[in-house]
Each structure stands twice: as structure tokens, then as C-alpha cells.
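Structure data (mmCIF, C-alpha atoms) from protein_29.cif:
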data_final
loop_
_atom_site.label_atom_id
_atom_site.label_comp_id
_atom_site.auth_asym_id
_atom_site.auth_seq_id
_atom_site.Cartn_x
_atom_site.Cartn_y
_atom_site.Cartn_z
CA MET Q 27 47.33 -43.60 -62.18
CA ALA Q 28 44.97 -46.39 -61.11
CA LYS Q 29 44.73 -47.54 -64.74
CA SER Q 30 48.30 -48.84 -64.67
CA TYR Q 31 47.31 -51.43 -62.08
CA ILE Q 32 44.75 -53.03 -64.39
CA PRO Q 33 47.30 -55.49 -65.91
CA LEU Q 34 48.22 -56.56 -62.37
CA LEU Q 35 44.56 -57.13 -61.57
CA ILE Q 36 44.22 -59.20 -64.76
CA ILE Q 37 47.23 -61.34 -63.74
CA LEU Q 38 45.73 -61.77 -60.28
CA GLY Q 39 42.37 -62.75 -61.76
CA VAL Q 40 43.86 -65.24 -64.21
CA THR Q 41 46.00 -66.77 -61.45
CA VAL Q 42 43.08 -67.21 -59.08
CA LEU Q 43 40.83 -68.58 -61.84
CA ASN Q 44 43.57 -70.98 -62.92
CA ALA Q 45 44.17 -72.29 -59.41
CA VAL Q 46 40.48 -72.62 -58.55
CA GLY Q 47 39.77 -74.10 -61.98
CA MET Q 48 42.41 -76.81 -61.59
CA ALA Q 49 41.18 -77.75 -58.13
CA VAL Q 50 37.51 -77.82 -59.19
CA ALA Q 51 38.17 -79.62 -62.49
CA SER Q 52 40.24 -82.34 -60.85
CA HIS Q 53 37.49 -82.73 -58.28
CA ILE Q 54 34.84 -83.16 -60.99
CA LEU Q 55 36.81 -85.19 -63.52
CA ASN Q 56 38.92 -87.57 -61.46
CA PRO Q 57 38.00 -91.24 -61.03
CA ARG Q 58 37.65 -92.23 -57.39
CA ARG Q 59 39.03 -95.62 -56.43
CA PRO Q 60 40.42 -94.99 -52.95
CA THR Q 61 42.88 -97.38 -51.39
CA PRO Q 62 44.34 -96.97 -47.90
CA GLN Q 63 47.60 -95.75 -49.43
CA LYS Q 64 45.88 -93.14 -51.55
CA ALA Q 65 43.87 -91.90 -48.60
CA MET Q 66 46.98 -91.06 -46.62
CA PRO Q 67 47.80 -87.36 -46.25
CA TYR Q 68 51.20 -87.85 -47.90
CA GLU Q 69 51.23 -90.81 -50.21
CA SER Q 70 54.66 -92.50 -50.09
CA GLY Q 71 55.74 -89.81 -47.65
CA MET Q 72 56.28 -89.58 -43.94
CA ILE Q 73 53.50 -91.08 -41.85
CA PRO Q 74 52.28 -88.09 -39.88
CA LEU Q 75 51.85 -89.65 -36.46
CA GLY Q 76 52.66 -88.15 -33.10
CA ASP Q 77 53.69 -84.69 -32.03
CA THR Q 78 54.70 -82.34 -34.82
CA ARG Q 79 56.75 -80.30 -32.37
CA HIS Q 80 60.02 -82.12 -32.56
CA ARG Q 81 63.32 -80.54 -33.46
CA PHE Q 82 64.45 -80.35 -37.04
CA SER Q 83 68.03 -80.73 -38.18
CA ILE Q 84 70.12 -77.57 -38.24
CA LYS Q 85 71.00 -78.46 -41.83
CA PHE Q 86 67.76 -76.74 -42.87
CA TYR Q 87 68.99 -73.54 -41.21
CA MET Q 88 72.16 -73.67 -43.28
CA VAL Q 89 70.05 -73.86 -46.43
CA ALA Q 90 67.87 -70.96 -45.28
CA ILE Q 91 70.85 -68.71 -44.50
CA SER Q 92 72.46 -69.46 -47.85
CA PHE Q 93 69.16 -68.73 -49.58
CA ILE Q 94 68.74 -65.36 -47.85
CA VAL Q 95 72.33 -64.25 -48.42
CA PHE Q 96 72.32 -64.98 -52.13
CA ASP Q 97 68.75 -63.76 -52.48
CA LEU Q 98 69.92 -60.41 -51.09
CA GLU Q 99 72.93 -60.45 -53.38
CA THR Q 100 70.61 -60.80 -56.38
CA ILE Q 101 68.36 -58.03 -55.10
CA PHE Q 102 71.30 -55.65 -54.79
CA LEU Q 103 72.54 -56.59 -58.24
CA VAL Q 104 69.18 -55.88 -59.92
CA PRO Q 105 69.12 -52.07 -59.35
CA TRP Q 106 72.74 -51.85 -60.48
CA ALA Q 107 72.02 -53.93 -63.59
CA VAL Q 108 69.04 -51.74 -64.49
CA ARG Q 109 71.19 -48.59 -64.33
CA VAL Q 110 74.53 -50.06 -65.38
CA ARG Q 111 75.04 -47.78 -68.40
CA GLU Q 112 74.17 -44.57 -66.57
CA LEU Q 113 76.22 -45.45 -63.49
CA GLY Q 114 79.50 -46.14 -65.23
CA TRP Q 115 82.72 -47.68 -63.94
CA GLY Q 116 82.87 -46.55 -60.29
CA PRO Q 117 79.79 -48.49 -59.26
CA PHE Q 118 80.99 -51.35 -61.47
CA VAL Q 119 84.10 -51.68 -59.29
CA ALA Q 120 81.98 -51.39 -56.14
CA VAL Q 121 79.64 -54.15 -57.30
CA PHE Q 122 82.65 -56.25 -58.37
CA PHE Q 123 84.07 -56.14 -54.84
CA PHE Q 124 80.62 -56.85 -53.41
CA VAL Q 125 80.35 -59.98 -55.53
CA VAL Q 126 83.93 -61.00 -54.67
CA VAL Q 127 83.19 -60.69 -50.93
CA LEU Q 128 80.15 -62.93 -51.29
CA ALA Q 129 82.09 -65.33 -53.53
CA VAL Q 130 84.61 -65.67 -50.70
CA GLY Q 131 81.70 -66.61 -48.48
CA LEU Q 132 80.47 -69.13 -51.01
CA VAL Q 133 83.94 -70.74 -51.32
CA TYR Q 134 84.28 -70.88 -47.53
CA GLU Q 135 80.88 -72.51 -47.20
CA TRP Q 136 81.72 -74.97 -49.97
CA LYS Q 137 85.09 -75.93 -48.49
CA LYS Q 138 83.61 -76.41 -45.03
CA GLY Q 139 80.99 -78.75 -46.44
CA GLY Q 140 78.09 -76.40 -45.83
CA LEU Q 141 76.63 -77.17 -49.24
CA GLU Q 142 76.61 -80.93 -48.71
CA TRP Q 143 73.54 -82.56 -47.30
CA GLU Q 144 74.98 -85.89 -46.06
CA MET F 18 40.07 -45.17 -53.56
CA THR F 19 43.62 -44.80 -52.29
CA ASP F 20 42.39 -43.90 -48.82
CA VAL F 21 40.11 -46.94 -48.74
CA LEU F 22 42.98 -49.21 -49.77
CA PHE F 23 45.31 -47.60 -47.25
CA ILE F 24 42.81 -48.16 -44.42
CA LEU F 25 42.32 -51.75 -45.57
CA PHE F 26 46.05 -52.48 -45.62
CA ALA F 27 46.62 -50.62 -42.36
CA VAL F 28 43.87 -52.60 -40.60
CA VAL F 29 45.27 -55.92 -41.89
CA ALA F 30 48.79 -54.91 -40.88
CA THR F 31 47.73 -53.86 -37.39
CA GLY F 32 45.52 -56.92 -36.96
CA GLY F 33 48.37 -59.16 -38.05
CA ALA F 34 50.71 -57.46 -35.60
CA ILE F 35 48.21 -58.02 -32.78
CA GLY F 36 47.91 -61.64 -33.91
CA VAL F 37 51.70 -62.05 -33.73
CA VAL F 38 51.85 -61.11 -30.05
CA THR F 39 48.62 -62.82 -28.96
CA GLY F 40 48.94 -66.05 -30.96
CA ARG F 41 49.38 -69.20 -28.89
CA SER F 42 51.43 -71.15 -31.41
CA PRO F 43 54.69 -69.67 -32.69
CA VAL F 44 53.88 -70.88 -36.21
CA ALA F 45 50.50 -69.09 -36.10
CA SER F 46 52.30 -65.93 -34.99
CA LEU F 47 54.61 -66.34 -37.95
CA LEU F 48 51.69 -66.54 -40.38
CA PHE F 49 50.17 -63.40 -38.82
CA MET F 50 53.53 -61.73 -39.38
CA VAL F 51 53.42 -62.73 -43.07
CA ALA F 52 50.02 -61.00 -43.31
CA THR F 53 51.48 -57.87 -41.70
CA LEU F 54 54.49 -57.79 -44.02
CA ALA F 55 52.33 -58.38 -47.11
CA SER F 56 50.06 -55.49 -46.08
CA LEU F 57 53.11 -53.29 -45.65
CA ALA F 58 54.04 -54.19 -49.24
CA GLY F 59 50.58 -53.00 -50.28
CA ILE F 60 51.13 -49.72 -48.44
CA TYR F 61 54.47 -49.30 -50.23
CA VAL F 62 52.63 -49.71 -53.55
CA LEU F 63 50.22 -46.97 -52.48
CA PHE F 64 53.29 -44.78 -51.87
CA GLU F 65 54.35 -45.69 -55.44
CA ALA F 66 57.48 -47.40 -54.09
CA HIS F 67 56.96 -50.41 -56.33
CA PHE F 68 60.51 -51.74 -56.18
CA LEU F 69 60.46 -51.61 -52.39
CA ALA F 70 57.11 -53.42 -52.39
CA ALA F 71 58.49 -56.22 -54.56
CA ILE F 72 61.55 -56.51 -52.30
CA GLN F 73 59.31 -56.54 -49.24
CA VAL F 74 57.41 -59.55 -50.59
CA LEU F 75 60.50 -61.37 -51.88
CA VAL F 76 62.81 -60.84 -48.93
CA TYR F 77 60.64 -60.30 -45.86
CA ALA F 78 57.47 -62.25 -46.57
CA GLY F 79 59.54 -64.90 -48.38
CA ALA F 80 63.10 -65.45 -47.26
CA ILE F 81 63.11 -63.94 -43.75
CA MET F 82 59.90 -65.76 -42.85
CA VAL F 83 61.44 -69.07 -43.99
CA LEU F 84 64.36 -68.33 -41.67
CA PHE F 85 62.00 -67.54 -38.78
CA LEU F 86 60.14 -70.79 -39.46
CA PHE F 87 63.37 -72.78 -39.31
CA VAL F 88 64.42 -71.04 -36.11
CA ILE F 89 61.06 -71.90 -34.54
CA MET F 90 61.44 -75.51 -35.64
CA LEU F 91 65.03 -75.66 -34.36
CA LEU F 92 64.22 -74.15 -31.00
CA ASN F 93 61.54 -76.72 -30.22
CA LEU F 94 59.09 -74.22 -28.75
CA GLY F 95 56.50 -76.86 -27.91
CA HIS F 96 56.53 -76.33 -24.17
CA ASP F 97 56.12 -73.33 -21.94
CA TYR F 98 59.16 -71.49 -20.79
CA ARG F 99 59.35 -69.37 -17.70
CA ALA F 100 59.26 -65.73 -18.74
CA ASP F 101 62.44 -63.77 -18.19
CA LEU F 102 60.51 -60.85 -16.74
CA LYS F 103 57.68 -60.87 -14.25
CA TYR F 104 54.23 -60.03 -15.59
CA GLY F 105 54.24 -56.52 -14.07
CA SER F 106 57.61 -55.64 -15.54
CA TRP F 107 56.38 -56.68 -19.00
CA THR F 108 53.39 -54.38 -18.69
CA LEU F 109 55.54 -51.51 -17.51
CA LEU F 110 58.08 -52.07 -20.29
CA SER F 111 55.34 -52.25 -22.97
CA LEU F 112 53.75 -49.04 -21.71
CA VAL F 113 57.10 -47.24 -21.76
CA VAL F 114 57.87 -48.40 -25.32
CA VAL F 115 54.39 -47.60 -26.62
CA GLY F 116 54.42 -44.22 -24.87
CA LEU F 117 57.80 -43.26 -26.28
CA THR F 118 56.80 -44.33 -29.80
CA ALA F 119 53.54 -42.40 -29.56
CA GLY F 120 55.43 -39.38 -28.25
CA VAL F 121 57.84 -39.42 -31.18
CA LEU F 122 54.95 -39.77 -33.64
CA VAL F 123 52.90 -36.97 -32.08
CA HIS F 124 55.96 -34.74 -31.90
CA GLY F 125 56.71 -35.43 -35.55
CA LEU F 126 53.15 -34.93 -36.80
CA MET F 127 52.42 -31.86 -34.65
CA GLY F 128 55.77 -30.28 -35.44
CA THR F 129 56.15 -27.27 -37.64
CA GLU F 130 57.19 -27.45 -41.26
CA GLU F 131 60.82 -27.10 -40.17
CA THR F 132 60.99 -29.61 -37.31
CA GLY F 133 58.25 -32.19 -37.93
CA LEU F 134 58.29 -35.39 -39.94
CA ARG F 135 56.70 -33.50 -42.82
CA ALA F 136 59.42 -30.86 -42.93
CA GLY F 137 59.69 -29.64 -46.49
CA GLY F 138 57.22 -32.35 -47.44
CA ALA F 139 55.84 -30.84 -50.61
CA GLU F 140 59.23 -29.94 -52.10
CA VAL F 141 60.75 -33.30 -51.20
CA ALA F 142 57.78 -35.15 -52.69
CA ALA F 143 57.99 -33.10 -55.88
CA ALA F 144 61.75 -33.75 -56.13
CA ILE F 145 61.21 -37.49 -55.69
CA ASP F 146 58.45 -37.49 -58.30
CA ALA F 147 60.70 -35.69 -60.78
CA ALA F 148 63.53 -38.14 -60.10
CA VAL F 149 61.19 -41.12 -60.64
CA VAL F 150 60.09 -39.68 -63.98
CA GLU F 151 63.71 -39.08 -65.01
CA LYS F 152 65.43 -42.27 -63.77
CA GLY F 153 62.63 -44.79 -63.29
CA ALA F 154 61.53 -46.34 -60.02
CA VAL F 155 64.62 -48.55 -59.73
CA GLY F 156 67.07 -45.84 -60.78
CA VAL F 157 65.95 -43.61 -57.89
CA ILE F 158 67.17 -46.31 -55.52
CA ALA F 159 70.16 -47.48 -57.58
CA ASP F 160 71.88 -44.14 -58.20
CA PRO F 161 72.33 -43.05 -54.55
CA LEU F 162 73.02 -46.64 -53.44
CA PHE F 163 76.01 -47.09 -55.75
CA THR F 164 77.38 -43.54 -55.50
CA ASP F 165 76.70 -41.71 -52.21
CA TRP F 166 76.11 -44.83 -50.11
CA VAL F 167 78.64 -47.13 -51.72
CA VAL F 168 80.59 -47.62 -48.47
CA ALA F 169 77.46 -48.76 -46.69
CA PHE F 170 76.77 -51.03 -49.64
CA GLU F 171 80.20 -52.70 -49.36
CA LEU F 172 79.83 -53.00 -45.57
CA MET F 173 76.52 -54.73 -46.18
CA GLY F 174 78.36 -57.24 -48.38
CA LEU F 175 80.78 -57.87 -45.50
CA LEU F 176 77.80 -58.29 -43.16
CA LEU F 177 76.38 -60.97 -45.46
CA LEU F 178 79.81 -62.67 -45.45
CA VAL F 179 79.72 -62.65 -41.65
CA ALA F 180 76.26 -64.24 -41.79
CA ILE F 181 77.55 -67.05 -44.02
CA VAL F 182 80.58 -67.68 -41.80
CA ALA F 183 78.45 -67.66 -38.64
CA ALA F 184 75.96 -70.09 -40.17
CA VAL F 185 78.75 -72.45 -41.25
CA VAL F 186 80.35 -72.32 -37.80
CA LEU F 187 76.99 -73.01 -36.13
CA ALA F 188 75.59 -75.59 -38.51
CA LYS F 189 78.65 -77.30 -39.97
CA PRO F 190 78.59 -81.10 -39.71
CA ARG F 191 80.70 -82.04 -36.70
CA ASP F 192 82.09 -85.33 -38.01
CA ARG F 193 84.19 -83.92 -40.83
CA GLU F 194 87.93 -84.30 -41.05
CA GLY F 195 89.92 -81.81 -38.99
CA GLY F 196 87.89 -82.56 -35.92
CA ASN F 197 86.52 -79.08 -35.31
#

Would you mind giving the structure from this file in C-alpha cells?
Amino acid sequence: MAKSYIPLLIILGVTVLNAVGMAVASHILNPRRPTPQKAMPYESGMIPLGDTRHRFSIKFYMVAISFIVFDLETIFLVPWAVRVRELGWGPFVAVFFFVVVLAVGLVYEWKKGGLEWE
Amino acid sequence: MTDVLFILFAVVATGGAIGVVTGRSPVASLLFMVATLASLAGIYVLFEAHFLAAIQVLVYAGAIMVLFLFVIMLLNLGHDYRADLKYGSWTLLSLVVVGLTAGVLVHGLMGTEETGLRAGGAEVAAAIDAAVVEKGAVGVIADPLFTDWVVAFELMGLLLLVAIVAAVVLAKPRDREGGN
């Protein structure tokens, strides 16, 4: 049983080696000519001064909710898709209505401007 | 080997849970919670529930944690709030909850083969193993979900619709035409 996890361990090892290798190699190989701009934590980004504990726009929450809802939709579609031939038409209809219900949600969100950033 | 891994994951999960409630910063608590949820995914793998483990990482450690993070950022939890309950009531409430949970667990584990949590354990485990061999790890979840539990499945779709509508109502830009 434990043997079947060896490919996973190999993936894990390659990933870690790759990440560490990139960080170490760029540290060894890169030329260093620092300027004040380059030394900033986020070059060309926000200047991180002051308290980080200020409120963020609720627009981010809208994005997060949409992400979770359609993430869950995908996750419920995957088991059905894997077994679609064995399950037959009844579950097909069930999944169809499931997708329609969520499509209604998507259209509602779209019409109300929930997908626009402004 | 499995026992060692289980103890490792269980210790990380419990430690993370303790970190969640003792952490000073809400964001630190959130990261402890990610550790707990990831360890739970590891425990699911040890139970050979691989699909559930993948979902646990994708949905809980990924999406739900992003939502928690946004809620923490939106709520502006930088300053101390007055607790809703007095210190003593919190202690009492925690003891009651912990005691009841422990009671349920002890009752379940000490129970007989008919009444306890392990009732019919060997047969159920064998049946599940046979089903996994026959249908695959995903099929074991898919077949009941889309046949016996299809009503719950559709209701869950409606629940997700409610979540979208609620989010739009809460977060919709106010200055759009129509005025509401």
C-alpha cells in the first residue's frame, strides 16, 4: 500500500528541489546593483507605510464568494463526470438542474454588476 | 508507519487548533487553522479517503481560508473589542462544551458493537473496501451522491445560489442605476 505513495513523494521532492534551486541559483547568479527603487519591498507597488490593519473594500469579498461557489460547483461536477457512463440519465438530469441553478446565480450576479470591478 | 504518521498529523492538527484560539492576531489564527485543515487532509489520506483529502485541501485550506482572510480584513479587527460574555461565563461554557464532546466520544468508544461508534465496524469497513475496488475512490462518493442523496445535492445547489444572491446584495456597488 505504501508503495503507491512513492510517486507523490517524488513529486514533492522535485517541487521542493525546484523551488529551493531557483531561490539559491538566483541568489548566486544575479548581478547586484541595488538602487533605492529596487530595494523596496514591492518595486513599483504600494509603499508599505503605516498600519496594515485598515479595512479593505468589500469588492474582494464578492470575488471570494464567487470563487468558492464556482469552485464547489466544479468539485461536485468532477465525481459525476468520472462516473457519468455508469450513472446514466437520472443523475444527468439532476446535474443539469444543479448547473442551471448556479447559472441563474451567475446571470443575477452579472446583471447586478457583481462581476465588474469599477 | 501509519500510526507514526497519524500521531504526527494529529499532533499538528491539535497544535494548530490550540494556536487558533490562543493566537493574538486574527491572521496568525487563520494560518494556524490552515495547518490544522492540512493535517486533517493528511489523516483523510491515511483513511484512504483520497478524494476527500484533495477536496479538503482545495476547498477548506484554499477557498474557505481565503474567505476567512477577507472577512478578517473587512471587519478591521485591529483593536480590542469588549467580550460579549464575562470571563467566568466563557470558562463555564468551554467546560460544558468540552465535557459534552468528551462524553459523546467516551460513550461511542466504550459502547458495545451494537451501540458504539464502531458498531459493525469490520463489516462496514470490508463493504467500503469492496466498493472502492469495484467503483474507484471517486465512484464510491459519486454513486450515492447522485442517486440516494440527489435531493440534498439539488438543495445544496440552491444553497450556493442563496450565497451568491446574499453576496451581491451585501457587496453590490451602491451607485448603480436603479438606486438600490

Check: How many Å lie between atom CA of Phe93 of chain Q and atom CA of Leu172 of chain F, rounded to one decimal?
Finding: 19.4 Å

Next item on the list: Starting from the shown file, work through the PyMOL selection byres ((chain F and resi 188) around 12) and note down what comes out as a count of residues only.
Entry: 31

Item checked: Nearest to Leu63 of chain F by atom-to-atom distance, counting all atoms listed in the file, from Q:Val119, Q:Tyr31, Q:Met48, Q:Lys64 ->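 Closest candidate: Q:Tyr31.
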
Step by step, work through what the PyMOL selection byres ((chain F and resi 46) around 12) selects in the shown file, and finish by giving those residues as a PDB file with C-alpha atoms, in the coordinates of the input.
ATOM      1  CA  GLY F  32      45.520 -56.920 -36.960  1.00  0.00           C
ATOM      2  CA  GLY F  33      48.370 -59.160 -38.050  1.00  0.00           C
ATOM      3  CA  ALA F  34      50.710 -57.460 -35.600  1.00  0.00           C
ATOM      4  CA  ILE F  35      48.210 -58.020 -32.780  1.00  0.00           C
ATOM      5  CA  GLY F  36      47.910 -61.640 -33.910  1.00  0.00           C
ATOM      6  CA  VAL F  37      51.700 -62.050 -33.730  1.00  0.00           C
ATOM      7  CA  VAL F  38      51.850 -61.110 -30.050  1.00  0.00           C
ATOM      8  CA  THR F  39      48.620 -62.820 -28.960  1.00  0.00           C
ATOM      9  CA  GLY F  40      48.940 -66.050 -30.960  1.00  0.00           C
ATOM     10  CA  ARG F  41      49.380 -69.200 -28.890  1.00  0.00           C
ATOM     11  CA  SER F  42      51.430 -71.150 -31.410  1.00  0.00           C
ATOM     12  CA  PRO F  43      54.690 -69.670 -32.690  1.00  0.00           C
ATOM     13  CA  VAL F  44      53.880 -70.880 -36.210  1.00  0.00           C
ATOM     14  CA  ALA F  45      50.500 -69.090 -36.100  1.00  0.00           C
ATOM     15  CA  LEU F  47      54.610 -66.340 -37.950  1.00  0.00           C
ATOM     16  CA  LEU F  48      51.690 -66.540 -40.380  1.00  0.00           C
ATOM     17  CA  PHE F  49      50.170 -63.400 -38.820  1.00  0.00           C
ATOM     18  CA  MET F  50      53.530 -61.730 -39.380  1.00  0.00           C
ATOM     19  CA  VAL F  51      53.420 -62.730 -43.070  1.00  0.00           C
ATOM     20  CA  ALA F  52      50.020 -61.000 -43.310  1.00  0.00           C
ATOM     21  CA  THR F  53      51.480 -57.870 -41.700  1.00  0.00           C
ATOM     22  CA  MET F  82      59.900 -65.760 -42.850  1.00  0.00           C
ATOM     23  CA  PHE F  85      62.000 -67.540 -38.780  1.00  0.00           C
ATOM     24  CA  LEU F  86      60.140 -70.790 -39.460  1.00  0.00           C
ATOM     25  CA  ILE F  89      61.060 -71.900 -34.540  1.00  0.00           C
TER      26      ILE F  89
END

Next item on the list: Pick out the residues sitting within 7 Å of segment 151-161 of chain F, and hand them over as a VMD selection string; count all atoms listed in the file, and ignore anything fewer than 2 positions along from it in its own chain.
Entry: (chain Q and resid 105 to 106 109 113) or (chain F and resid 68 147 to 149 163 to 166)

Would you kindly translate the PyMOL selection byres ((chain Q and resi 99) around 12) into the concrete residues it picks from this file, as a JSON list (two decimals) with C-alpha atoms, keeping the file's coordinate frame?
[["chain", "number", "residue", "atom", "x", "y", "z"],
["Q", 92, "SER", "CA", 72.46, -69.46, -47.85],
["Q", 93, "PHE", "CA", 69.16, -68.73, -49.58],
["Q", 94, "ILE", "CA", 68.74, -65.36, -47.85],
["Q", 95, "VAL", "CA", 72.33, -64.25, -48.42],
["Q", 96, "PHE", "CA", 72.32, -64.98, -52.13],
["Q", 97, "ASP", "CA", 68.75, -63.76, -52.48],
["Q", 98, "LEU", "CA", 69.92, -60.41, -51.09],
["Q", 100, "THR", "CA", 70.61, -60.80, -56.38],
["Q", 101, "ILE", "CA", 68.36, -58.03, -55.10],
["Q", 102, "PHE", "CA", 71.30, -55.65, -54.79],
["Q", 103, "LEU", "CA", 72.54, -56.59, -58.24],
["Q", 104, "VAL", "CA", 69.18, -55.88, -59.92],
["Q", 105, "PRO", "CA", 69.12, -52.07, -59.35],
["Q", 106, "TRP", "CA", 72.74, -51.85, -60.48],
["Q", 121, "VAL", "CA", 79.64, -54.15, -57.30],
["Q", 122, "PHE", "CA", 82.65, -56.25, -58.37],
["Q", 124, "PHE", "CA", 80.62, -56.85, -53.41],
["Q", 125, "VAL", "CA", 80.35, -59.98, -55.53],
["Q", 126, "VAL", "CA", 83.93, -61.00, -54.67],
["Q", 127, "VAL", "CA", 83.19, -60.69, -50.93],
["Q", 128, "LEU", "CA", 80.15, -62.93, -51.29],
["Q", 129, "ALA", "CA", 82.09, -65.33, -53.53],
["Q", 131, "GLY", "CA", 81.70, -66.61, -48.48],
["Q", 132, "LEU", "CA", 80.47, -69.13, -51.01],
["F", 76, "VAL", "CA", 62.81, -60.84, -48.93],
["F", 170, "PHE", "CA", 76.77, -51.03, -49.64],
["F", 171, "GLU", "CA", 80.20, -52.70, -49.36],
["F", 173, "MET", "CA", 76.52, -54.73, -46.18],
["F", 174, "GLY", "CA", 78.36, -57.24, -48.38],
["F", 175, "LEU", "CA", 80.78, -57.87, -45.50],
["F", 176, "LEU", "CA", 77.80, -58.29, -43.16],
["F", 177, "LEU", "CA", 76.38, -60.97, -45.46],
["F", 178, "LEU", "CA", 79.81, -62.67, -45.45]]

Next item on the list: Take atom CA of Ala58 of chain F and atom CA of Ala70 of chain F and report the distance between them in Å, one decimal.
Entry: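 Going from atom CA of Ala58 of chain F over to atom CA of Ala70 of chain F, I get 4.5 Å.
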
Margin query: If I take atom CA of Leu54 of chain F and atom CA of Ala143 of chain F, how far is one from the other in Å, to one decimal?
Written below: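 Straight-line distance from atom CA of Leu54 of chain F to atom CA of Ala143 of chain F works out to 27.6 Å.
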
Next item on the list: Rank F:Ala169, F:Met127, F:Leu57, F:Ile81 by their smallest atom-to-atom distance to chain Q, using all atoms listed in the file, and report the top residue only.
Entry: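 Result for the nearest residue to chain Q: F:Ile81.
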
Next item on the list: Find the residue from F:Met90, F:Ala142, F:Met18, F:Leu109 that sits nearest to chain Q; use only C-alpha atoms when measuring.
Entry: F:Met90

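Residue nearest chain Q, chosen from F:Val88, F:Ala144, F:Leu117, F:Leu126 and counting only C-alpha atoms: F:Val88.
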
Checklist line | segment 19-25 of chain F surroundings by all atoms listed in the file, 10 Å radius, close-in-sequence under 6 positions cut, as a list in words | finding: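 Once the adjacent positions are removed, what remains is Ala28 of chain Q; Ser56, Leu57, Gly59, Ile60, Tyr61, Val62, Leu63 and Phe64 of chain F.
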
Export, as a compact mmCIF listing (two decimals), keeping the file's coordinate frame, the selected residues with C-alpha atoms.
# COMPACT_ATOMS: atom_id res chain seq x y z
CA ALA Q 28 44.97 -46.39 -61.11
CA SER F 56 50.06 -55.49 -46.08
CA LEU F 57 53.11 -53.29 -45.65
CA GLY F 59 50.58 -53.00 -50.28
CA ILE F 60 51.13 -49.72 -48.44
CA TYR F 61 54.47 -49.30 -50.23
CA VAL F 62 52.63 -49.71 -53.55
CA LEU F 63 50.22 -46.97 -52.48
CA PHE F 64 53.29 -44.78 -51.87

Note to self: Using all atoms listed in the file for the distances, tell me which of F:Thr118, F:Gln73, F:Ser106, F:Thr31 is nearest to chain Q.
What the structure shows: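 Smallest distance to chain Q is found for F:Gln73.
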
Check: Using only C-alpha atoms, which of the listed residues (F:Thr108, F:Ala66, F:Asp146, F:Leu84) sits closest to chain Q?
Finding: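 Between F:Thr108, F:Ala66, F:Asp146, F:Leu84, the residue approaching chain Q most closely is F:Leu84.
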